[in-house]
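File shown here: upload_8.tsv, holding TSV, N, CA and C atoms.
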chain	number	residue	atom	x	y	z
A	31	MET	N	24.88	27.07	4.16
A	31	MET	CA	23.80	27.02	3.21
A	31	MET	C	24.17	26.06	2.08
A	32	LYS	N	23.27	25.11	1.80
A	32	LYS	CA	23.51	24.16	0.72
A	32	LYS	C	23.16	24.77	-0.63
A	33	LYS	N	23.95	24.40	-1.60
A	33	LYS	CA	23.70	24.87	-2.96
A	33	LYS	C	22.56	24.02	-3.55
A	34	GLU	N	21.60	24.69	-4.17
A	34	GLU	CA	20.47	23.98	-4.75
A	34	GLU	C	20.89	23.31	-6.07
A	35	ILE	N	20.49	22.07	-6.22
A	35	ILE	CA	20.80	21.32	-7.44
A	35	ILE	C	19.69	21.59	-8.46
A	36	VAL	N	20.09	22.05	-9.63
A	36	VAL	CA	19.13	22.30	-10.69
A	36	VAL	C	19.24	21.16	-11.70
A	37	VAL	N	18.14	20.45	-11.87
A	37	VAL	CA	18.10	19.31	-12.78
A	37	VAL	C	16.97	19.55	-13.77
A	38	LEU	N	17.28	19.35	-15.03
A	38	LEU	CA	16.27	19.52	-16.08
A	38	LEU	C	15.14	18.50	-15.92
A	39	PRO	N	13.92	18.88	-16.29
A	39	PRO	CA	12.78	17.95	-16.15
A	39	PRO	C	13.01	16.61	-16.84
A	40	GLN	N	13.62	16.62	-18.01
A	40	GLN	CA	13.89	15.37	-18.72
A	40	GLN	C	14.85	14.48	-17.91
A	41	SER	N	15.83	15.11	-17.28
A	41	SER	CA	16.79	14.36	-16.45
A	41	SER	C	16.12	13.82	-15.19
A	42	LEU	N	15.21	14.60	-14.62
A	42	LEU	CA	14.46	14.13	-13.45
A	42	LEU	C	13.65	12.89	-13.80
A	43	LYS	N	13.05	12.89	-14.97
A	43	LYS	CA	12.25	11.74	-15.42
A	43	LYS	C	13.15	10.51	-15.56
A	44	ILE	N	14.37	10.71	-16.07
A	44	ILE	CA	15.32	9.60	-16.21
A	44	ILE	C	15.68	9.04	-14.83
A	45	LEU	N	15.93	9.93	-13.87
A	45	LEU	CA	16.26	9.47	-12.51
A	45	LEU	C	15.08	8.73	-11.88
A	46	GLU	N	13.87	9.23	-12.10
A	46	GLU	CA	12.68	8.56	-11.57
A	46	GLU	C	12.54	7.17	-12.18
A	47	THR	N	12.80	7.05	-13.47
A	47	THR	CA	12.71	5.75	-14.14
A	47	THR	C	13.79	4.82	-13.60
A	48	LEU	N	15.00	5.33	-13.44
A	48	LEU	CA	16.09	4.52	-12.87
A	48	LEU	C	15.72	4.03	-11.48
A	49	GLY	N	15.22	4.93	-10.64
A	49	GLY	CA	14.82	4.55	-9.29
A	49	GLY	C	13.74	3.49	-9.29
A	50	ASN	N	12.76	3.65	-10.16
A	50	ASN	CA	11.69	2.66	-10.26
A	50	ASN	C	12.24	1.31	-10.75
A	51	ASN	N	13.16	1.35	-11.71
A	51	ASN	CA	13.77	0.11	-12.20
A	51	ASN	C	14.53	-0.61	-11.09
A	52	LEU	N	15.22	0.16	-10.25
A	52	LEU	CA	15.95	-0.44	-9.13
A	52	LEU	C	14.98	-1.07	-8.12
A	53	LYS	N	13.89	-0.38	-7.87
A	53	LYS	CA	12.88	-0.92	-6.95
A	53	LYS	C	12.29	-2.22	-7.51
A	54	LEU	N	11.94	-2.21	-8.81
A	54	LEU	CA	11.39	-3.41	-9.42
A	54	LEU	C	12.39	-4.57	-9.40
A	55	ALA	N	13.66	-4.28	-9.63
A	55	ALA	CA	14.69	-5.31	-9.59
A	55	ALA	C	14.78	-5.90	-8.18
A	56	ARG	N	14.70	-5.03	-7.18
A	56	ARG	CA	14.75	-5.50	-5.78
A	56	ARG	C	13.55	-6.39	-5.48
A	57	LEU	N	12.37	-5.96	-5.88
A	57	LEU	CA	11.15	-6.72	-5.60
A	57	LEU	C	11.13	-8.05	-6.36
A	58	ARG	N	11.58	-8.06	-7.61
A	58	ARG	CA	11.62	-9.30	-8.39
A	58	ARG	C	12.51	-10.35	-7.73
A	59	ARG	N	13.57	-9.88	-7.11
A	59	ARG	CA	14.50	-10.79	-6.45
A	59	ARG	C	14.03	-11.19	-5.06
A	60	GLY	N	13.00	-10.53	-4.59
A	60	GLY	CA	12.48	-10.83	-3.25
A	60	GLY	C	13.36	-10.28	-2.14
A	61	PHE	N	14.15	-9.25	-2.46
A	61	PHE	CA	15.03	-8.63	-1.47
A	61	PHE	C	14.26	-7.57	-0.69
A	62	THR	N	14.45	-7.55	0.60
A	62	THR	CA	13.83	-6.53	1.43
A	62	THR	C	14.67	-5.26	1.37
A	63	MET	N	14.06	-4.16	1.78
A	63	MET	CA	14.80	-2.90	1.86
A	63	MET	C	15.96	-3.05	2.84
A	64	GLU	N	15.70	-3.74	3.94
A	64	GLU	CA	16.72	-3.91	4.96
A	64	GLU	C	17.95	-4.65	4.42
A	65	LEU	N	17.71	-5.68	3.60
A	65	LEU	CA	18.82	-6.45	3.03
A	65	LEU	C	19.66	-5.58	2.11
A	66	ILE	N	19.00	-4.83	1.22
A	66	ILE	CA	19.73	-3.97	0.29
A	66	ILE	C	20.47	-2.88	1.06
A	67	CYS	N	19.83	-2.31	2.06
A	67	CYS	CA	20.48	-1.27	2.87
A	67	CYS	C	21.73	-1.82	3.55
A	68	GLU	N	21.64	-3.03	4.07
A	68	GLU	CA	22.79	-3.64	4.73
A	68	GLU	C	23.91	-3.90	3.72
A	69	ARG	N	23.56	-4.45	2.56
A	69	ARG	CA	24.56	-4.76	1.53
A	69	ARG	C	25.20	-3.49	0.96
A	70	ALA	N	24.39	-2.44	0.80
A	70	ALA	CA	24.88	-1.20	0.20
A	70	ALA	C	25.44	-0.21	1.23
A	71	ASN	N	25.29	-0.56	2.51
A	71	ASN	CA	25.76	0.28	3.61
A	71	ASN	C	25.12	1.67	3.56
A	72	ILE	N	23.78	1.67	3.43
A	72	ILE	CA	23.01	2.91	3.40
A	72	ILE	C	21.81	2.77	4.32
A	73	SER	N	21.15	3.89	4.60
A	73	SER	CA	19.96	3.86	5.45
A	73	SER	C	18.73	3.57	4.59
A	74	ARG	N	17.63	3.22	5.27
A	74	ARG	CA	16.37	2.99	4.55
A	74	ARG	C	15.90	4.26	3.86
A	75	THR	N	16.13	5.39	4.51
A	75	THR	CA	15.72	6.67	3.92
A	75	THR	C	16.47	6.92	2.61
A	76	THR	N	17.76	6.63	2.60
A	76	THR	CA	18.55	6.82	1.38
A	76	THR	C	18.05	5.90	0.28
A	77	LEU	N	17.78	4.63	0.61
A	77	LEU	CA	17.27	3.70	-0.40
A	77	LEU	C	15.92	4.17	-0.91
A	78	TRP	N	15.07	4.64	-0.02
A	78	TRP	CA	13.75	5.14	-0.43
A	78	TRP	C	13.92	6.31	-1.40
A	79	GLN	N	14.87	7.22	-1.11
A	79	GLN	CA	15.11	8.36	-1.98
A	79	GLN	C	15.68	7.92	-3.33
A	80	ILE	N	16.53	6.91	-3.33
A	80	ILE	CA	17.08	6.37	-4.58
A	80	ILE	C	15.95	5.79	-5.42
A	81	GLU	N	15.07	5.03	-4.79
A	81	GLU	CA	13.97	4.40	-5.53
A	81	GLU	C	12.95	5.44	-6.02
A	82	LYS	N	12.96	6.63	-5.46
A	82	LYS	CA	12.11	7.73	-5.93
A	82	LYS	C	12.81	8.56	-7.00
A	83	GLY	N	14.14	8.35	-7.17
A	83	GLY	CA	14.90	9.10	-8.18
A	83	GLY	C	15.35	10.46	-7.71
A	84	ASN	N	15.62	10.60	-6.44
A	84	ASN	CA	16.06	11.87	-5.87
A	84	ASN	C	17.42	12.28	-6.45
A	85	PRO	N	17.51	13.47	-7.07
A	85	PRO	CA	18.77	13.88	-7.70
A	85	PRO	C	19.85	14.32	-6.72
A	86	THR	N	19.50	14.46	-5.45
A	86	THR	CA	20.50	14.91	-4.48
A	86	THR	C	21.32	13.76	-3.90
A	87	ILE	N	20.96	12.54	-4.24
A	87	ILE	CA	21.67	11.37	-3.72
A	87	ILE	C	22.92	11.14	-4.56
A	88	SER	N	24.03	10.89	-3.90
A	88	SER	CA	25.31	10.67	-4.57
A	88	SER	C	25.27	9.47	-5.50
A	89	ILE	N	25.95	9.59	-6.64
A	89	ILE	CA	26.00	8.48	-7.59
A	89	ILE	C	26.66	7.26	-6.95
A	90	GLY	N	27.52	7.49	-5.97
A	90	GLY	CA	28.16	6.38	-5.27
A	90	GLY	C	27.14	5.49	-4.57
A	91	TYR	N	26.10	6.09	-4.02
A	91	TYR	CA	25.04	5.30	-3.38
A	91	TYR	C	24.25	4.51	-4.41
A	92	TYR	N	24.01	5.12	-5.57
A	92	TYR	CA	23.33	4.40	-6.65
A	92	TYR	C	24.17	3.17	-7.04
A	93	ILE	N	25.49	3.36	-7.16
A	93	ILE	CA	26.38	2.26	-7.53
A	93	ILE	C	26.36	1.17	-6.46
A	94	ASN	N	26.33	1.56	-5.19
A	94	ASN	CA	26.26	0.57	-4.11
A	94	ASN	C	24.99	-0.26	-4.20
A	95	VAL	N	23.88	0.39	-4.53
A	95	VAL	CA	22.60	-0.33	-4.66
A	95	VAL	C	22.65	-1.26	-5.87
A	96	LEU	N	23.20	-0.79	-6.98
A	96	LEU	CA	23.35	-1.64	-8.16
A	96	LEU	C	24.17	-2.88	-7.83
A	97	HIS	N	25.23	-2.70	-7.07
A	97	HIS	CA	26.07	-3.84	-6.66
A	97	HIS	C	25.29	-4.78	-5.73
A	98	ALA	N	24.56	-4.20	-4.80
A	98	ALA	CA	23.80	-5.01	-3.84
A	98	ALA	C	22.72	-5.84	-4.53
A	99	LEU	N	22.23	-5.36	-5.66
A	99	LEU	CA	21.20	-6.10	-6.40
A	99	LEU	C	21.78	-7.26	-7.22
A	100	GLY	N	23.09	-7.30	-7.35
A	100	GLY	CA	23.68	-8.43	-8.04
A	100	GLY	C	24.62	-8.10	-9.18
A	101	GLY	N	25.36	-7.03	-9.07
A	101	GLY	CA	26.40	-6.75	-10.05
A	101	GLY	C	26.00	-5.88	-11.22
A	102	PHE	N	24.94	-5.09	-11.07
A	102	PHE	CA	24.52	-4.21	-12.15
A	102	PHE	C	25.42	-3.00	-12.32
A	103	GLU	N	26.34	-2.76	-11.38
A	103	GLU	CA	27.18	-1.57	-11.46
A	103	GLU	C	28.04	-1.55	-12.73
A	104	ASN	N	28.34	-2.72	-13.27
A	104	ASN	CA	29.13	-2.79	-14.49
A	104	ASN	C	28.37	-2.25	-15.70
A	105	ASP	N	27.05	-2.18	-15.60
A	105	ASP	CA	26.25	-1.60	-16.69
A	105	ASP	C	26.60	-0.13	-16.91
A	106	LEU	N	27.09	0.54	-15.86
A	106	LEU	CA	27.45	1.95	-15.99
A	106	LEU	C	28.65	2.15	-16.91
A	107	LEU	N	29.42	1.10	-17.13
A	107	LEU	CA	30.57	1.20	-18.02
A	107	LEU	C	30.15	1.42	-19.47
A	108	ASN	N	28.90	1.16	-19.78
A	108	ASN	CA	28.40	1.33	-21.15
A	108	ASN	C	27.87	2.73	-21.43
A	109	VAL	N	27.78	3.57	-20.39
A	109	VAL	CA	27.29	4.93	-20.57
A	109	VAL	C	28.30	5.71	-21.40
A	110	ALA	N	27.86	6.28	-22.48
A	110	ALA	CA	28.67	7.10	-23.41
A	110	ALA	C	29.82	6.32	-24.03
A	111	LYS	N	29.72	5.02	-24.04
A	111	LYS	CA	30.78	4.20	-24.63
A	111	LYS	C	30.85	4.41	-26.14
A	112	ASP	N	29.72	4.38	-26.78
A	112	ASP	CA	29.66	4.61	-28.22
A	112	ASP	C	29.15	6.03	-28.45
A	113	ASP	N	30.06	6.98	-28.41
A	113	ASP	CA	29.73	8.40	-28.53
A	113	ASP	C	29.65	8.78	-30.00
A	114	VAL	N	28.50	8.51	-30.61
A	114	VAL	CA	28.32	8.75	-32.04
A	114	VAL	C	28.46	10.23	-32.37
A	115	VAL	N	27.84	11.10	-31.58
A	115	VAL	CA	27.91	12.54	-31.84
A	115	VAL	C	29.34	13.03	-31.70
A	116	GLY	N	30.02	12.63	-30.63
A	116	GLY	CA	31.40	13.06	-30.41
A	116	GLY	C	32.34	12.59	-31.51
A	117	LYS	N	32.16	11.35	-31.94
A	117	LYS	CA	33.02	10.82	-33.01
A	117	LYS	C	32.75	11.55	-34.32
A	118	THR	N	31.50	11.88	-34.60
A	118	THR	CA	31.16	12.60	-35.82
A	118	THR	C	31.78	14.00	-35.79
A	119	MET	N	31.68	14.66	-34.64
A	119	MET	CA	32.27	15.99	-34.52
A	119	MET	C	33.79	15.93	-34.69
A	120	GLN	N	34.39	14.91	-34.12
A	120	GLN	CA	35.83	14.74	-34.24
A	120	GLN	C	36.23	14.51	-35.69
A	121	ASP	N	35.48	13.68	-36.38
A	121	ASP	CA	35.78	13.39	-37.78
A	121	ASP	C	35.64	14.63	-38.66
A	122	LEU	N	34.69	15.50	-38.35
A	122	LEU	CA	34.50	16.71	-39.14
A	122	LEU	C	35.67	17.68	-38.99
A	123	ASN	N	36.37	17.61	-37.87
A	123	ASN	CA	37.49	18.50	-37.61
A	123	ASN	C	38.84	17.93	-38.05
A	124	LEU	N	38.84	16.73	-38.59
A	124	LEU	CA	40.10	16.14	-39.04
A	124	LEU	C	40.60	16.85	-40.29
A	125	ILE	N	41.87	17.07	-40.33
A	125	ILE	CA	42.48	17.70	-41.49
A	125	ILE	C	42.95	16.58	-42.43
A	126	ILE	N	42.45	16.63	-43.64
A	126	ILE	CA	42.84	15.62	-44.62
A	126	ILE	C	43.81	16.28	-45.58
A	127	HIS	N	45.04	15.81	-45.57
A	127	HIS	CA	46.06	16.37	-46.45
A	127	HIS	C	45.95	15.73	-47.82
A	128	LYS	N	45.95	16.58	-48.83
A	128	LYS	CA	45.94	16.05	-50.19
A	128	LYS	C	47.38	15.66	-50.54
A	129	ARG	N	47.46	14.59	-51.23
A	129	ARG	CA	48.77	14.10	-51.62
A	129	ARG	C	49.29	14.92	-52.81
A	130	GLY	N	50.53	15.29	-52.74
A	130	GLY	CA	51.13	16.06	-53.83
A	130	GLY	C	51.40	15.21	-55.05
A	131	ARG	N	51.61	15.85	-56.18
A	131	ARG	CA	51.89	15.13	-57.41
A	131	ARG	C	53.26	14.51	-57.36
A	132	LYS	N	53.38	13.42	-58.07
A	132	LYS	CA	54.66	12.71	-58.11
A	132	LYS	C	55.51	13.24	-59.23
Whole structure, structure tokens version:
Amino acid sequence: MKKEIVVLPQSLKILETLGNNLKLARLRRGFTMELICERANISRTTLWQIEKGNPTISIGYYINVLHALGGFENDLLNVAKDDVVGKTMQDLNLIIHKRGRK
């Protein structure tokens, strides 16, 4: 029995937008589904599911498609790169020692 993946509606919308962006990038370049499938080593069904934003598809397949489209996989390196919330939380927990009198 497979475990059901629970994805928040907001996250589903993000995946759908990502899938649509990948489809538009493929179409703008004039690449066929067959070409991307061959380059990414995936089936047409998997590519179709990626372009629909299916949350059950492995992130590795998404990365393969990004690579097949022309090197977009490096864009993933920017995810959470500038963690403003995390840095703020870290700064709030820093202990600042007061300097003693001379």
Next item on the list: Could you pull out the residues in chain A that DSSP calls alpha helix (DSSP H) from the backbone, as JSON, numbers by chain?
Entry: {"A": [39, 40, 41, 42, 43, 44, 45, 46, 47, 48, 49, 50, 51, 52, 53, 54, 55, 56, 57, 58, 59, 63, 64, 65, 66, 67, 68, 69, 70, 74, 75, 76, 77, 78, 79, 80, 81, 82, 89, 90, 91, 92, 93, 94, 95, 96, 97, 98, 114, 115, 116, 117, 118, 119, 120, 121, 122]}
Note to self: For Leu45 of chain A, find every residue with an atom within 7 Å (counting all atoms listed in the file), except residues of its own chain fewer than 2 positions away, and show them as a ChimeraX atom specification.
What the structure shows: /A:40-43,47-50,82-85
Check: Hey, what's within 8 Å of Glu68 of chain A if we count only N, CA and C atoms and toss same-chain stuff fewer than 6 positions away? As a ChimeraX atom specification, please?
Finding: /A:62,74,98
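With atom CA of Thr86 of chain A on one side and atom C of Val115 of chain A on the other, the separation reads 28.7 Å.
Atom pair atom C of Gly100 of chain A / atom N of Lys53 of chain A has a distance of 13.3 Å (rounded to one decimal).
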Draw an axis-aligned box tight on the listed atoms of segment 85-88 of chain A, then pad every side by 6 Å and write out centre and edge lengths in Å to one decimal as AutoDock Vina command-line options.
--center_x 21.4 --center_y 12.2 --center_z -5.7 --size_x 19.8 --size_y 17.4 --size_z 16.0
Notebook entry, point to check: Of the candidates A:Ala55, A:Leu38, A:Ile80, A:Leu124, which shows the shortest atom-to-atom distance to Tyr92 of chain A, using all atoms listed in the file?
Noted result: A:Ile80
Next item on the list: Using all atoms listed in the file, determine which residues lie at most 8 Å from Met63 of chain A, disregarding the query and same-chain residues fewer than 6 positions distant; provide the list as a VMD selection string.
Entry: chain A and resid 56 69 73 to 74 77 to 78
Notebook entry, point to check: Quick one: distance from atom CA of Val95 of chain A to atom CA of Lys32 of chain A in Å, one decimal?
Noted result: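 It comes out at 25.1 Å.
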Check: For Asn94 of chain A, which residue out of A:Leu122, A:Arg131, A:Leu52, A:Arg59 is the nearest one, using only C-alpha atoms?
Finding: A:Leu52
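Using only C-alpha atoms, the shortest contact distance between Ile87 of chain A and any of A:Leu54, A:Val114, A:Asn123, A:Ile72 is found at A:Ile72.
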Check: Near His97 of chain A, counting only C-alpha atoms, which residues have an atom at most 10 Å away, once you skip same-chain residues fewer than 5 positions from it, shown as a PyMOL selection string?
Finding: chain A and resi 66+69-70+91-92+102-104
